[in-house]
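K.L.:
The structure under discussion is supplied below as structure tokens; questions concerning it will follow.
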Amino acid sequence: MRFFIQLSYNGTNYHGWQIQPNASSVQETLTKALSVVLNQKDISIMGAGRTDTGVHASQMFAHFDYENPIDSKTIVHKLNSFLPKDIAVSDIILVDENAHARFDAKQRTYEYKINLNKNVFLDELSWYYNKELNIDAMNDAAKLLIEFIDFQCFSKVHTDVNTFNCKISQAFWKKENDALIFTISADRFLRNMVRSIVGTLVYVGLGKISKADFKIIIESKDRKKAGFSVPAHGLYLTEIKYDYIKL
């Protein structure tokens, strides 16, 4: 039987989602906990995607196979008792045996949080940036993202992918109290894509580049022409949508 597991995590202490040698990852930590709770050593967990070092997730999905029925409420409770404080499981869902956490995801949404005033309680959970930014100009430029498909200019170089095409369905900034929050949704994302988009839009907000410049950068397909990559600790994976999971 195949199960989806829904979780969230603070990525501060992890080198991203994916298991890697000599580094702590969310996937490895969750796999060990699930193996203990289910008393099965060969448990394998496939995530809906990868998050980089220091990136957080308020909603993440992964799937695993297990031969016996699961009492979701009981296993969730046991997992949360066993897991460290920065990883929390919210649900375990029985799905079709061919369901796939990564390949069946229809849409993913990320948020990037910029804190405009120094706040010691938010230092690890948002990027403190105290320069004045023109949010209207940033939103105007962000609308261009929906008009394009190829985002090679925002991808980490030397990335092993077959295509740089992504279908972005929304991209906008909003101000909430002392924070600026950028929300972006797409069918898929490239490595470092959101952080480099945000860095380039910050240049727009500072008046260093125009909306026209932003368009030229996208059309160039050249990462060197885009802006800097903002720090990872302000980035959150916030939603993953599937046709067969309604939350």
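Chain labels A, B, ... are given in the sequence in which chains occur in the structure tokens; within each chain residues are numbered consecutively from 1, and ligands are likewise numbered from 1 in the order shown.
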For Leu237 of chain A, list every protein, DNA or RNA residue within 8 Å, evaluated using only C-alpha atoms, and leave out those in the same chain fewer than 5 positions away; present the list as a PyMOL selection string.
P.N.:
chain A and resi 51+55-60+108-111
K.L.:
List the spatial neighbours of Leu235 of chain A as a PyMOL selection string - criterion: any atom at most 12 Å away, only C-alpha atoms, same-chain residues fewer than 3 positions off excluded.
P.N.:
chain A and resi 9-12+16+51-58+109-114+124-127+181-184+192-198+229-232+238
K.L.:
Give me every strand (DSSP E or B) residue in segment 6-245 of chain A, going by DSSP on the backbone, as a PyMOL selection string.
P.N.:
chain A and resi 6-9+20+23+46-47+56-65+87-95+107-115+127-128+150+165+168-176+179-186+235-242+245
K.L.:
Compile a residue-level contact table for segment 136-187 of chain A against segment 91-106 of chain A at a cut-off of 12 Å, reporting for every qualifying residue the shortest atom pair and its distance in Å to one decimal, with only C-alpha atoms counted, rows ordered by chain and ascending number, as a tab-separated table.
P.N.:
```
residue	atom	partner	partner_atom	distance
A:Cys166	CA	A:Lys106	CA	11.7
A:Lys167	CA	A:Lys106	CA	10.6
A:Ile168	CA	A:Lys106	CA	11.6
A:Ser169	CA	A:Lys106	CA	11.3
A:Ser185	CA	A:Lys106	CA	10.3
A:Ala186	CA	A:Lys106	CA	8.3
A:Asp187	CA	A:Lys106	CA	5.6
```
K.L.:
Determine, counting only C-alpha atoms, which protein, DNA and RNA residues have an atom within 9 Å of an atom of Lys118 of chain A; residues of the same chain fewer than 6 positions away are not included. Present the result as a list in words.
P.N.:
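So, after excluding close chain neighbours, the residues are Tyr128, Tyr129 and Asn130 of chain A.
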K.L.:
Any chance you could list, as a PyMOL selection string, the residues in segment 23-246 of chain A that come up alpha helix (DSSP H) when DSSP is run on the backbone?
P.N.:
chain A and resi 26-38+72-82+135-142+193-206+211-220
K.L.:
What does the file look like for those residues with C-alpha atoms, as a compact mmCIF listing (two decimals), in the first residue's frame?
P.N.:
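That gives us part07.txt:
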```
# COMPACT_ATOMS: atom_id res chain seq x y z
CA VAL A 26 14.93 16.40 6.42
CA GLN A 27 14.42 13.28 4.30
CA GLU A 28 16.99 11.29 6.28
CA THR A 29 15.58 12.41 9.64
CA LEU A 30 12.02 11.55 8.62
CA THR A 31 13.06 8.19 7.14
CA LYS A 32 14.79 7.15 10.37
CA ALA A 33 11.77 8.16 12.46
CA LEU A 34 9.31 6.35 10.21
CA SER A 35 11.48 3.21 10.20
CA VAL A 36 11.44 3.12 13.97
CA VAL A 37 7.73 3.84 14.36
CA LEU A 38 6.69 1.28 11.72
CA SER A 72 -3.08 7.70 10.75
CA LYS A 73 -3.82 9.47 14.04
CA THR A 74 -1.74 7.02 16.08
CA ILE A 75 1.26 7.01 13.73
CA VAL A 76 1.23 10.81 13.40
CA HIS A 77 1.30 11.12 17.18
CA LYS A 78 4.17 8.63 17.50
CA LEU A 79 6.17 10.29 14.72
CA ASN A 80 5.83 13.74 16.26
CA SER A 81 6.97 12.35 19.61
CA PHE A 82 10.05 10.83 17.96
CA ILE A 135 6.53 47.42 -4.19
CA ASP A 136 4.41 48.77 -7.06
CA ALA A 137 7.36 48.59 -9.46
CA MET A 138 8.22 45.10 -8.20
CA ASN A 139 4.65 43.92 -8.76
CA ASP A 140 4.54 45.45 -12.21
CA ALA A 141 7.71 43.61 -13.21
CA ALA A 142 6.55 40.37 -11.56
CA MET A 193 14.85 29.93 -9.20
CA VAL A 194 12.71 31.70 -6.60
CA ARG A 195 15.64 33.19 -4.74
CA SER A 196 17.17 34.63 -7.91
CA ILE A 197 13.79 35.99 -9.07
CA VAL A 198 13.38 37.74 -5.72
CA GLY A 199 16.92 39.15 -5.89
CA THR A 200 16.28 40.52 -9.38
CA LEU A 201 12.95 42.03 -8.33
CA VAL A 202 14.68 43.68 -5.38
CA TYR A 203 16.87 45.45 -7.94
CA VAL A 204 13.66 46.66 -9.58
CA GLY A 205 12.40 47.87 -6.21
CA LEU A 206 15.65 49.77 -5.63
CA LYS A 211 10.59 46.57 -15.94
CA ALA A 212 12.00 46.62 -19.46
CA ASP A 213 15.38 45.50 -18.10
CA PHE A 214 13.67 42.68 -16.24
CA LYS A 215 12.10 41.48 -19.48
CA ILE A 216 15.44 41.60 -21.29
CA ILE A 217 17.00 39.51 -18.51
CA ILE A 218 14.35 36.79 -18.91
CA GLU A 219 14.77 36.79 -22.68
CA SER A 220 18.57 36.55 -22.37
```
